[in-house]
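Printed here is my_file13.pdb (PDB, N, CA and C atoms):
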ATOM      1  N   MET A1279       7.265   2.466  11.482  1.00  0.00           N
ATOM      2  CA  MET A1279       6.023   3.222  11.461  1.00  0.00           C
ATOM      3  C   MET A1279       5.077   2.658  12.513  1.00  0.00           C
ATOM      4  N   ASN A1280       4.409   3.556  13.191  1.00  0.00           N
ATOM      5  CA  ASN A1280       3.420   3.083  14.148  1.00  0.00           C
ATOM      6  C   ASN A1280       2.061   2.967  13.450  1.00  0.00           C
ATOM      7  N   ALA A1281       1.064   2.529  14.205  1.00  0.00           N
ATOM      8  CA  ALA A1281      -0.262   2.273  13.637  1.00  0.00           C
ATOM      9  C   ALA A1281      -0.882   3.542  13.069  1.00  0.00           C
ATOM     10  N   ARG A1282      -0.733   4.644  13.783  1.00  0.00           N
ATOM     11  CA  ARG A1282      -1.330   5.903  13.325  1.00  0.00           C
ATOM     12  C   ARG A1282      -0.708   6.368  12.002  1.00  0.00           C
ATOM     13  N   GLU A1283       0.611   6.270  11.886  1.00  0.00           N
ATOM     14  CA  GLU A1283       1.301   6.656  10.649  1.00  0.00           C
ATOM     15  C   GLU A1283       0.889   5.749   9.494  1.00  0.00           C
ATOM     16  N   THR A1284       0.746   4.472   9.780  1.00  0.00           N
ATOM     17  CA  THR A1284       0.328   3.531   8.745  1.00  0.00           C
ATOM     18  C   THR A1284      -1.078   3.842   8.258  1.00  0.00           C
ATOM     19  N   LEU A1285      -1.986   4.124   9.186  1.00  0.00           N
ATOM     20  CA  LEU A1285      -3.355   4.478   8.805  1.00  0.00           C
ATOM     21  C   LEU A1285      -3.390   5.743   7.962  1.00  0.00           C
ATOM     22  N   LYS A1286      -2.580   6.726   8.338  1.00  0.00           N
ATOM     23  CA  LYS A1286      -2.528   7.963   7.564  1.00  0.00           C
ATOM     24  C   LYS A1286      -2.025   7.690   6.149  1.00  0.00           C
ATOM     25  N   LEU A1287      -1.019   6.831   6.040  1.00  0.00           N
ATOM     26  CA  LEU A1287      -0.454   6.511   4.730  1.00  0.00           C
ATOM     27  C   LEU A1287      -1.448   5.753   3.855  1.00  0.00           C
ATOM     28  N   ILE A1288      -2.157   4.780   4.427  1.00  0.00           N
ATOM     29  CA  ILE A1288      -3.078   3.994   3.609  1.00  0.00           C
ATOM     30  C   ILE A1288      -4.384   4.731   3.332  1.00  0.00           C
ATOM     31  N   SER A1289      -4.576   5.891   3.947  1.00  0.00           N
ATOM     32  CA  SER A1289      -5.782   6.666   3.660  1.00  0.00           C
ATOM     33  C   SER A1289      -5.694   7.392   2.310  1.00  0.00           C
ATOM     34  N   LYS A1290      -4.498   7.404   1.715  1.00  0.00           N
ATOM     35  CA  LYS A1290      -4.334   8.032   0.406  1.00  0.00           C
ATOM     36  C   LYS A1290      -5.013   7.178  -0.666  1.00  0.00           C
ATOM     37  N   GLN A1291      -5.445   7.811  -1.738  1.00  0.00           N
ATOM     38  CA  GLN A1291      -6.096   7.073  -2.816  1.00  0.00           C
ATOM     39  C   GLN A1291      -5.089   6.296  -3.649  1.00  0.00           C
ATOM     40  N   TRP A1292      -3.952   6.892  -3.933  1.00  0.00           N
ATOM     41  CA  TRP A1292      -2.944   6.278  -4.788  1.00  0.00           C
ATOM     42  C   TRP A1292      -1.659   6.019  -4.010  1.00  0.00           C
ATOM     43  N   CYS A1293      -0.988   4.969  -4.375  1.00  0.00           N
ATOM     44  CA  CYS A1293       0.253   4.560  -3.725  1.00  0.00           C
ATOM     45  C   CYS A1293       1.404   4.727  -4.716  1.00  0.00           C
ATOM     46  N   ASP A1294       2.438   5.466  -4.323  1.00  0.00           N
ATOM     47  CA  ASP A1294       3.620   5.575  -5.176  1.00  0.00           C
ATOM     48  C   ASP A1294       4.720   4.671  -4.620  1.00  0.00           C
ATOM     49  N   ILE A1295       5.872   4.691  -5.235  1.00  0.00           N
ATOM     50  CA  ILE A1295       6.942   3.766  -4.876  1.00  0.00           C
ATOM     51  C   ILE A1295       7.433   4.014  -3.449  1.00  0.00           C
ATOM     52  N   ASN A1296       7.484   5.277  -3.025  1.00  0.00           N
ATOM     53  CA  ASN A1296       7.926   5.584  -1.663  1.00  0.00           C
ATOM     54  C   ASN A1296       6.948   5.062  -0.618  1.00  0.00           C
ATOM     55  N   ASP A1297       5.656   5.193  -0.901  1.00  0.00           N
ATOM     56  CA  ASP A1297       4.638   4.659   0.007  1.00  0.00           C
ATOM     57  C   ASP A1297       4.757   3.139   0.094  1.00  0.00           C
ATOM     58  N   LEU A1298       4.965   2.505  -1.037  1.00  0.00           N
ATOM     59  CA  LEU A1298       5.093   1.054  -1.076  1.00  0.00           C
ATOM     60  C   LEU A1298       6.310   0.589  -0.284  1.00  0.00           C
ATOM     61  N   MET A1299       7.397   1.323  -0.396  1.00  0.00           N
ATOM     62  CA  MET A1299       8.603   0.983   0.354  1.00  0.00           C
ATOM     63  C   MET A1299       8.345   1.074   1.861  1.00  0.00           C
ATOM     64  N   LYS A1300       7.616   2.094   2.290  1.00  0.00           N
ATOM     65  CA  LYS A1300       7.319   2.263   3.714  1.00  0.00           C
ATOM     66  C   LYS A1300       6.370   1.179   4.220  1.00  0.00           C
ATOM     67  N   LEU A1301       5.309   0.921   3.453  1.00  0.00           N
ATOM     68  CA  LEU A1301       4.315  -0.054   3.898  1.00  0.00           C
ATOM     69  C   LEU A1301       4.870  -1.480   3.964  1.00  0.00           C
ATOM     70  N   ALA A1302       5.625  -1.856   2.954  1.00  0.00           N
ATOM     71  CA  ALA A1302       6.147  -3.225   2.900  1.00  0.00           C
ATOM     72  C   ALA A1302       7.485  -3.359   3.624  1.00  0.00           C
ATOM     73  N   GLU A1303       8.060  -2.222   4.023  1.00  0.00           N
ATOM     74  CA  GLU A1303       9.375  -2.203   4.677  1.00  0.00           C
ATOM     75  C   GLU A1303      10.416  -2.926   3.836  1.00  0.00           C
ATOM     76  N   ILE A1304      10.494  -2.504   2.566  1.00  0.00           N
ATOM     77  CA  ILE A1304      11.437  -3.087   1.621  1.00  0.00           C
ATOM     78  C   ILE A1304      12.197  -1.974   0.921  1.00  0.00           C
ATOM     79  N   GLY A1305      13.264  -2.352   0.232  1.00  0.00           N
ATOM     80  CA  GLY A1305      14.054  -1.388  -0.514  1.00  0.00           C
ATOM     81  C   GLY A1305      13.428  -1.060  -1.854  1.00  0.00           C
ATOM     82  N   LYS A1306      14.085  -0.174  -2.574  1.00  0.00           N
ATOM     83  CA  LYS A1306      13.524   0.314  -3.829  1.00  0.00           C
ATOM     84  C   LYS A1306      13.421  -0.786  -4.887  1.00  0.00           C
ATOM     85  N   ASN A1307      14.447  -1.632  -5.026  1.00  0.00           N
ATOM     86  CA  ASN A1307      14.402  -2.677  -6.048  1.00  0.00           C
ATOM     87  C   ASN A1307      13.252  -3.651  -5.813  1.00  0.00           C
ATOM     88  N   ASN A1308      13.072  -4.070  -4.569  1.00  0.00           N
ATOM     89  CA  ASN A1308      11.966  -4.977  -4.266  1.00  0.00           C
ATOM     90  C   ASN A1308      10.620  -4.274  -4.405  1.00  0.00           C
ATOM     91  N   ALA A1309      10.571  -2.993  -4.093  1.00  0.00           N
ATOM     92  CA  ALA A1309       9.328  -2.232  -4.251  1.00  0.00           C
ATOM     93  C   ALA A1309       8.949  -2.129  -5.726  1.00  0.00           C
ATOM     94  N   VAL A1310       9.937  -1.939  -6.591  1.00  0.00           N
ATOM     95  CA  VAL A1310       9.673  -1.883  -8.029  1.00  0.00           C
ATOM     96  C   VAL A1310       9.118  -3.227  -8.514  1.00  0.00           C
ATOM     97  N   LYS A1311       9.695  -4.325  -8.042  1.00  0.00           N
ATOM     98  CA  LYS A1311       9.203  -5.658  -8.420  1.00  0.00           C
ATOM     99  C   LYS A1311       7.778  -5.867  -7.933  1.00  0.00           C
ATOM    100  N   LEU A1312       7.502  -5.477  -6.686  1.00  0.00           N
ATOM    101  CA  LEU A1312       6.156  -5.632  -6.129  1.00  0.00           C
ATOM    102  C   LEU A1312       5.159  -4.765  -6.876  1.00  0.00           C
ATOM    103  N   ARG A1313       5.548  -3.534  -7.192  1.00  0.00           N
ATOM    104  CA  ARG A1313       4.664  -2.639  -7.947  1.00  0.00           C
ATOM    105  C   ARG A1313       4.329  -3.244  -9.308  1.00  0.00           C
ATOM    106  N   ARG A1314       5.346  -3.788  -9.977  1.00  0.00           N
ATOM    107  CA  ARG A1314       5.130  -4.410 -11.283  1.00  0.00           C
ATOM    108  C   ARG A1314       4.182  -5.608 -11.160  1.00  0.00           C
ATOM    109  N   GLU A1315       4.357  -6.403 -10.121  1.00  0.00           N
ATOM    110  CA  GLU A1315       3.494  -7.565  -9.905  1.00  0.00           C
ATOM    111  C   GLU A1315       2.037  -7.150  -9.705  1.00  0.00           C
ATOM    112  N   ILE A1316       1.812  -6.156  -8.837  1.00  0.00           N
ATOM    113  CA  ILE A1316       0.452  -5.674  -8.589  1.00  0.00           C
ATOM    114  C   ILE A1316      -0.128  -5.046  -9.849  1.00  0.00           C
ATOM    115  N   LYS A1317       0.678  -4.256 -10.547  1.00  0.00           N
ATOM    116  CA  LYS A1317       0.218  -3.592 -11.770  1.00  0.00           C
ATOM    117  C   LYS A1317      -0.165  -4.622 -12.833  1.00  0.00           C
ATOM    118  N   ASP A1318       0.651  -5.651 -13.008  1.00  0.00           N
ATOM    119  CA  ASP A1318       0.347  -6.692 -13.996  1.00  0.00           C
ATOM    120  C   ASP A1318      -0.962  -7.406 -13.662  1.00  0.00           C
ATOM    121  N   GLU A1319      -1.183  -7.691 -12.374  1.00  0.00           N
ATOM    122  CA  GLU A1319      -2.423  -8.334 -11.958  1.00  0.00           C
ATOM    123  C   GLU A1319      -3.631  -7.456 -12.283  1.00  0.00           C
ATOM    124  N   LEU A1320      -3.498  -6.165 -12.029  1.00  0.00           N
ATOM    125  CA  LEU A1320      -4.616  -5.251 -12.287  1.00  0.00           C
ATOM    126  C   LEU A1320      -4.877  -5.080 -13.781  1.00  0.00           C
ATOM    127  N   ILE A1321      -3.832  -5.026 -14.565  1.00  0.00           N
ATOM    128  CA  ILE A1321      -3.996  -4.899 -16.018  1.00  0.00           C
ATOM    129  C   ILE A1321      -4.690  -6.129 -16.582  1.00  0.00           C
ATOM    130  N   LEU A1322      -4.356  -7.308 -16.054  1.00  0.00           N
ATOM    131  CA  LEU A1322      -5.027  -8.536 -16.492  1.00  0.00           C
ATOM    132  C   LEU A1322      -6.519  -8.514 -16.164  1.00  0.00           C
ATOM    133  N   LYS A1323      -6.885  -7.804 -15.094  1.00  0.00           N
ATOM    134  CA  LYS A1323      -8.287  -7.667 -14.723  1.00  0.00           C
ATOM    135  C   LYS A1323      -8.997  -6.597 -15.541  1.00  0.00           C
ATOM    136  N   GLY A1324      -8.245  -5.862 -16.368  1.00  0.00           N
ATOM    137  CA  GLY A1324      -8.846  -4.867 -17.228  1.00  0.00           C
ATOM    138  C   GLY A1324      -8.734  -3.433 -16.747  1.00  0.00           C
ATOM    139  N   TYR A1325      -7.988  -3.197 -15.687  1.00  0.00           N
ATOM    140  CA  TYR A1325      -7.820  -1.844 -15.177  1.00  0.00           C
ATOM    141  C   TYR A1325      -6.811  -1.063 -16.017  1.00  0.00           C
ATOM    142  N   THR A1326      -7.011   0.240 -16.078  1.00  0.00           N
ATOM    143  CA  THR A1326      -6.034   1.156 -16.648  1.00  0.00           C
ATOM    144  C   THR A1326      -5.507   2.000 -15.499  1.00  0.00           C
ATOM    145  N   LEU A1327      -4.192   2.095 -15.396  1.00  0.00           N
ATOM    146  CA  LEU A1327      -3.589   2.768 -14.249  1.00  0.00           C
ATOM    147  C   LEU A1327      -2.756   3.965 -14.678  1.00  0.00           C
ATOM    148  N   PRO A1328      -2.696   4.988 -13.815  1.00  0.00           N
ATOM    149  CA  PRO A1328      -1.798   6.111 -14.097  1.00  0.00           C
ATOM    150  C   PRO A1328      -0.348   5.664 -13.929  1.00  0.00           C
ATOM    151  N   ASN A1329       0.561   6.410 -14.514  1.00  0.00           N
ATOM    152  CA  ASN A1329       1.983   6.064 -14.432  1.00  0.00           C
ATOM    153  C   ASN A1329       2.464   6.005 -12.987  1.00  0.00           C
ATOM    154  N   ASN A1330       3.144   4.932 -12.667  1.00  0.00           N
ATOM    155  CA  ASN A1330       3.828   4.758 -11.383  1.00  0.00           C
ATOM    156  C   ASN A1330       2.938   4.904 -10.157  1.00  0.00           C
ATOM    157  N   ARG A1331       1.657   4.662 -10.297  1.00  0.00           N
ATOM    158  CA  ARG A1331       0.735   4.736  -9.169  1.00  0.00           C
ATOM    159  C   ARG A1331      -0.136   3.480  -9.150  1.00  0.00           C
ATOM    160  N   LEU A1332      -0.457   3.055  -7.952  1.00  0.00           N
ATOM    161  CA  LEU A1332      -1.351   1.920  -7.762  1.00  0.00           C
ATOM    162  C   LEU A1332      -2.486   2.348  -6.834  1.00  0.00           C
ATOM    163  N   PRO A1333      -3.670   1.769  -7.005  1.00  0.00           N
ATOM    164  CA  PRO A1333      -4.731   2.064  -6.035  1.00  0.00           C
ATOM    165  C   PRO A1333      -4.312   1.540  -4.659  1.00  0.00           C
ATOM    166  N   MET A1334      -4.426   2.375  -3.653  1.00  0.00           N
ATOM    167  CA  MET A1334      -3.975   1.989  -2.314  1.00  0.00           C
ATOM    168  C   MET A1334      -4.720   0.759  -1.802  1.00  0.00           C
ATOM    169  N   ILE A1335      -5.990   0.625  -2.144  1.00  0.00           N
ATOM    170  CA  ILE A1335      -6.757  -0.523  -1.670  1.00  0.00           C
ATOM    171  C   ILE A1335      -6.161  -1.831  -2.184  1.00  0.00           C
ATOM    172  N   GLU A1336      -5.634  -1.809  -3.402  1.00  0.00           N
ATOM    173  CA  GLU A1336      -5.014  -3.021  -3.953  1.00  0.00           C
ATOM    174  C   GLU A1336      -3.700  -3.328  -3.237  1.00  0.00           C
ATOM    175  N   VAL A1337      -2.967  -2.307  -2.870  1.00  0.00           N
ATOM    176  CA  VAL A1337      -1.723  -2.501  -2.121  1.00  0.00           C
ATOM    177  C   VAL A1337      -2.040  -3.058  -0.738  1.00  0.00           C
ATOM    178  N   VAL A1338      -3.048  -2.506  -0.080  1.00  0.00           N
ATOM    179  CA  VAL A1338      -3.463  -2.987   1.239  1.00  0.00           C
ATOM    180  C   VAL A1338      -3.875  -4.453   1.154  1.00  0.00           C
ATOM    181  N   ASN A1339      -4.632  -4.792   0.130  1.00  0.00           N
ATOM    182  CA  ASN A1339      -5.060  -6.185  -0.042  1.00  0.00           C
ATOM    183  C   ASN A1339      -3.877  -7.108  -0.312  1.00  0.00           C
ATOM    184  N   LYS A1340      -2.962  -6.692  -1.158  1.00  0.00           N
ATOM    185  CA  LYS A1340      -1.804  -7.520  -1.517  1.00  0.00           C
ATOM    186  C   LYS A1340      -0.916  -7.764  -0.297  1.00  0.00           C
ATOM    187  N   LEU A1341      -0.720  -6.721   0.517  1.00  0.00           N
ATOM    188  CA  LEU A1341       0.136  -6.845   1.697  1.00  0.00           C
ATOM    189  C   LEU A1341      -0.611  -7.419   2.899  1.00  0.00           C
ATOM    190  N   LYS A1342      -1.922  -7.634   2.723  1.00  0.00           N
ATOM    191  CA  LYS A1342      -2.770  -8.174   3.788  1.00  0.00           C
ATOM    192  C   LYS A1342      -2.677  -7.338   5.071  1.00  0.00           C
ATOM    193  N   ILE A1343      -2.827  -6.039   4.902  1.00  0.00           N
ATOM    194  CA  ILE A1343      -2.792  -5.120   6.042  1.00  0.00           C
ATOM    195  C   ILE A1343      -4.156  -5.139   6.729  1.00  0.00           C
ATOM    196  N   ASN A1344      -4.149  -5.407   8.017  1.00  0.00           N
ATOM    197  CA  ASN A1344      -5.370  -5.493   8.809  1.00  0.00           C
ATOM    198  C   ASN A1344      -5.714  -4.105   9.349  1.00  0.00           C
ATOM    199  N   ILE A1345      -6.641  -3.440   8.695  1.00  0.00           N
ATOM    200  CA  ILE A1345      -7.001  -2.071   9.055  1.00  0.00           C
ATOM    201  C   ILE A1345      -7.677  -2.026  10.421  1.00  0.00           C
ATOM    202  N   ASN A1346      -8.522  -2.993  10.726  1.00  0.00           N
ATOM    203  CA  ASN A1346      -9.197  -3.015  12.030  1.00  0.00           C
ATOM    204  C   ASN A1346      -8.189  -3.095  13.171  1.00  0.00           C
ATOM    205  N   TYR A1347      -7.181  -3.917  13.003  1.00  0.00           N
ATOM    206  CA  TYR A1347      -6.136  -4.046  14.015  1.00  0.00           C
ATOM    207  C   TYR A1347      -5.376  -2.731  14.185  1.00  0.00           C
ATOM    208  N   LEU A1348      -5.041  -2.088  13.066  1.00  0.00           N
ATOM    209  CA  LEU A1348      -4.325  -0.816  13.133  1.00  0.00           C
ATOM    210  C   LEU A1348      -5.143   0.245  13.849  1.00  0.00           C
ATOM    211  N   GLU A1349      -6.445   0.285  13.570  1.00  0.00           N
ATOM    212  CA  GLU A1349      -7.318   1.260  14.231  1.00  0.00           C
ATOM    213  C   GLU A1349      -7.370   1.001  15.737  1.00  0.00           C
ATOM    214  N   LYS A1350      -7.446  -0.266  16.117  1.00  0.00           N
ATOM    215  CA  LYS A1350      -7.474  -0.630  17.534  1.00  0.00           C
ATOM    216  C   LYS A1350      -6.164  -0.202  18.207  1.00  0.00           C
ATOM    217  N   MET A1351      -5.043  -0.466  17.572  1.00  0.00           N
ATOM    218  CA  MET A1351      -3.747  -0.115  18.151  1.00  0.00           C
ATOM    219  C   MET A1351      -3.566   1.404  18.234  1.00  0.00           C
ATOM    220  N   ALA A1352      -4.065   2.125  17.249  1.00  0.00           N
ATOM    221  CA  ALA A1352      -3.957   3.581  17.254  1.00  0.00           C
ATOM    222  C   ALA A1352      -4.759   4.166  18.413  1.00  0.00           C
ATOM    223  N   LYS A1353      -5.938   3.594  18.693  1.00  0.00           N
ATOM    224  CA  LYS A1353      -6.765   4.077  19.795  1.00  0.00           C
ATOM    225  C   LYS A1353      -6.119   3.782  21.137  1.00  0.00           C
ATOM    226  N   GLU A1354      -5.489   2.623  21.257  1.00  0.00           N
ATOM    227  CA  GLU A1354      -4.863   2.236  22.515  1.00  0.00           C
ATOM    228  C   GLU A1354      -3.648   3.101  22.827  1.00  0.00           C
ATOM    229  N   ASN A1355      -2.971   3.606  21.810  1.00  0.00           N
ATOM    230  CA  ASN A1355      -1.752   4.373  22.007  1.00  0.00           C
ATOM    231  C   ASN A1355      -1.995   5.875  22.119  1.00  0.00           C
ATOM    232  N   LEU A1356      -3.221   6.262  22.415  1.00  0.00           N
ATOM    233  CA  LEU A1356      -3.516   7.696  22.603  1.00  0.00           C
ATOM    234  C   LEU A1356      -2.881   8.113  23.860  1.00  0.00           C
TER     235      LEU A1356
END
What do you get writing this file as structure tokens?
Amino acid sequence: MNARETLKLISKQWCDINDLMKLAEIGKNNAVKLRREIKDELILKGYTLPNNRLPMIEVVNKLKININYLEKMAKENL
């Protein structure tokens, strides 16, 4: 995925398993483990989540995705 595709993907409000697989560049089994880890952390903080969805901002934070860098790269590749 290039910077523009990544920005488009992270602009969604909710992240499903397919989005997580693309962002983390991992397979389905590892994506399920990562989703469970993020979900457990959020539940401990008191959040209630819809089935099989995570807030995209939490996924971005967990994966340490640098949005400013992606925006810069997307502009350069016009």
Since I can't run it myself right now, could you work out what the PyMOL selection byres (((chain A and resi 1302-1319 and name CA) around 10) and name CA) selects here and report it as a CSV table (one decimal) with N, CA and C atoms, keeping the file's coordinate frame?
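Written file, out-v6.csv:
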chain,number,residue,atom,x,y,z
A,1279,MET,N,7.3,2.5,11.5
A,1279,MET,CA,6.0,3.2,11.5
A,1279,MET,C,5.1,2.7,12.5
A,1293,CYS,N,-1.0,5.0,-4.4
A,1293,CYS,CA,0.3,4.6,-3.7
A,1293,CYS,C,1.4,4.7,-4.7
A,1294,ASP,N,2.4,5.5,-4.3
A,1294,ASP,CA,3.6,5.6,-5.2
A,1294,ASP,C,4.7,4.7,-4.6
A,1295,ILE,N,5.9,4.7,-5.2
A,1295,ILE,CA,6.9,3.8,-4.9
A,1295,ILE,C,7.4,4.0,-3.4
A,1296,ASN,N,7.5,5.3,-3.0
A,1296,ASN,CA,7.9,5.6,-1.7
A,1296,ASN,C,6.9,5.1,-0.6
A,1297,ASP,N,5.7,5.2,-0.9
A,1297,ASP,CA,4.6,4.7,0.0
A,1297,ASP,C,4.8,3.1,0.1
A,1298,LEU,N,5.0,2.5,-1.0
A,1298,LEU,CA,5.1,1.1,-1.1
A,1298,LEU,C,6.3,0.6,-0.3
A,1299,MET,N,7.4,1.3,-0.4
A,1299,MET,CA,8.6,1.0,0.4
A,1299,MET,C,8.3,1.1,1.9
A,1300,LYS,N,7.6,2.1,2.3
A,1300,LYS,CA,7.3,2.3,3.7
A,1300,LYS,C,6.4,1.2,4.2
A,1301,LEU,N,5.3,0.9,3.5
A,1301,LEU,CA,4.3,-0.1,3.9
A,1301,LEU,C,4.9,-1.5,4.0
A,1320,LEU,N,-3.5,-6.2,-12.0
A,1320,LEU,CA,-4.6,-5.3,-12.3
A,1320,LEU,C,-4.9,-5.1,-13.8
A,1321,ILE,N,-3.8,-5.0,-14.6
A,1321,ILE,CA,-4.0,-4.9,-16.0
A,1321,ILE,C,-4.7,-6.1,-16.6
A,1322,LEU,N,-4.4,-7.3,-16.1
A,1322,LEU,CA,-5.0,-8.5,-16.5
A,1322,LEU,C,-6.5,-8.5,-16.2
A,1323,LYS,N,-6.9,-7.8,-15.1
A,1323,LYS,CA,-8.3,-7.7,-14.7
A,1323,LYS,C,-9.0,-6.6,-15.5
A,1324,GLY,N,-8.2,-5.9,-16.4
A,1324,GLY,CA,-8.8,-4.9,-17.2
A,1324,GLY,C,-8.7,-3.4,-16.7
A,1325,TYR,N,-8.0,-3.2,-15.7
A,1325,TYR,CA,-7.8,-1.8,-15.2
A,1325,TYR,C,-6.8,-1.1,-16.0
A,1326,THR,N,-7.0,0.2,-16.1
A,1326,THR,CA,-6.0,1.2,-16.6
A,1326,THR,C,-5.5,2.0,-15.5
A,1327,LEU,N,-4.2,2.1,-15.4
A,1327,LEU,CA,-3.6,2.8,-14.2
A,1327,LEU,C,-2.8,4.0,-14.7
A,1330,ASN,N,3.1,4.9,-12.7
A,1330,ASN,CA,3.8,4.8,-11.4
A,1330,ASN,C,2.9,4.9,-10.2
A,1331,ARG,N,1.7,4.7,-10.3
A,1331,ARG,CA,0.7,4.7,-9.2
A,1331,ARG,C,-0.1,3.5,-9.2
A,1332,LEU,N,-0.5,3.1,-8.0
A,1332,LEU,CA,-1.4,1.9,-7.8
A,1332,LEU,C,-2.5,2.3,-6.8
A,1333,PRO,N,-3.7,1.8,-7.0
A,1333,PRO,CA,-4.7,2.1,-6.0
A,1333,PRO,C,-4.3,1.5,-4.7
A,1336,GLU,N,-5.6,-1.8,-3.4
A,1336,GLU,CA,-5.0,-3.0,-4.0
A,1336,GLU,C,-3.7,-3.3,-3.2
A,1337,VAL,N,-3.0,-2.3,-2.9
A,1337,VAL,CA,-1.7,-2.5,-2.1
A,1337,VAL,C,-2.0,-3.1,-0.7
A,1338,VAL,N,-3.0,-2.5,-0.1
A,1338,VAL,CA,-3.5,-3.0,1.2
A,1338,VAL,C,-3.9,-4.5,1.2
A,1340,LYS,N,-3.0,-6.7,-1.2
A,1340,LYS,CA,-1.8,-7.5,-1.5
A,1340,LYS,C,-0.9,-7.8,-0.3
A,1341,LEU,N,-0.7,-6.7,0.5
A,1341,LEU,CA,0.1,-6.8,1.7
A,1341,LEU,C,-0.6,-7.4,2.9
A,1343,ILE,N,-2.8,-6.0,4.9
A,1343,ILE,CA,-2.8,-5.1,6.0
A,1343,ILE,C,-4.2,-5.1,6.7
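Interatomic distance, CA of Glu1349 in chain A against atom N of Pro1328 in chain A: 28.7 Å.
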Emit as AutoDock Vina command-line options the padded axis-aligned box for all listed atoms of range 1348-1356 of chain A, 5 Å per side, with centre and edge lengths in Å to one decimal.
--center_x -4.6 --center_y 3.0 --center_z 18.5 --size_x 15.7 --size_y 20.2 --size_z 20.8
Worksheet item: In chain A, what's strand (DSSP E or B) per DSSP? Answer as number ranges by chain?
Response: A: 1292-1293, 1332-1333
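The spacing separating atom C of Asn1339 in chain A from atom C of Met1351 in chain A amounts to 20.4 Å.
The coordinates place CA of Asn1346 in chain A at 12.0 Å from CA of Thr1284 in chain A.
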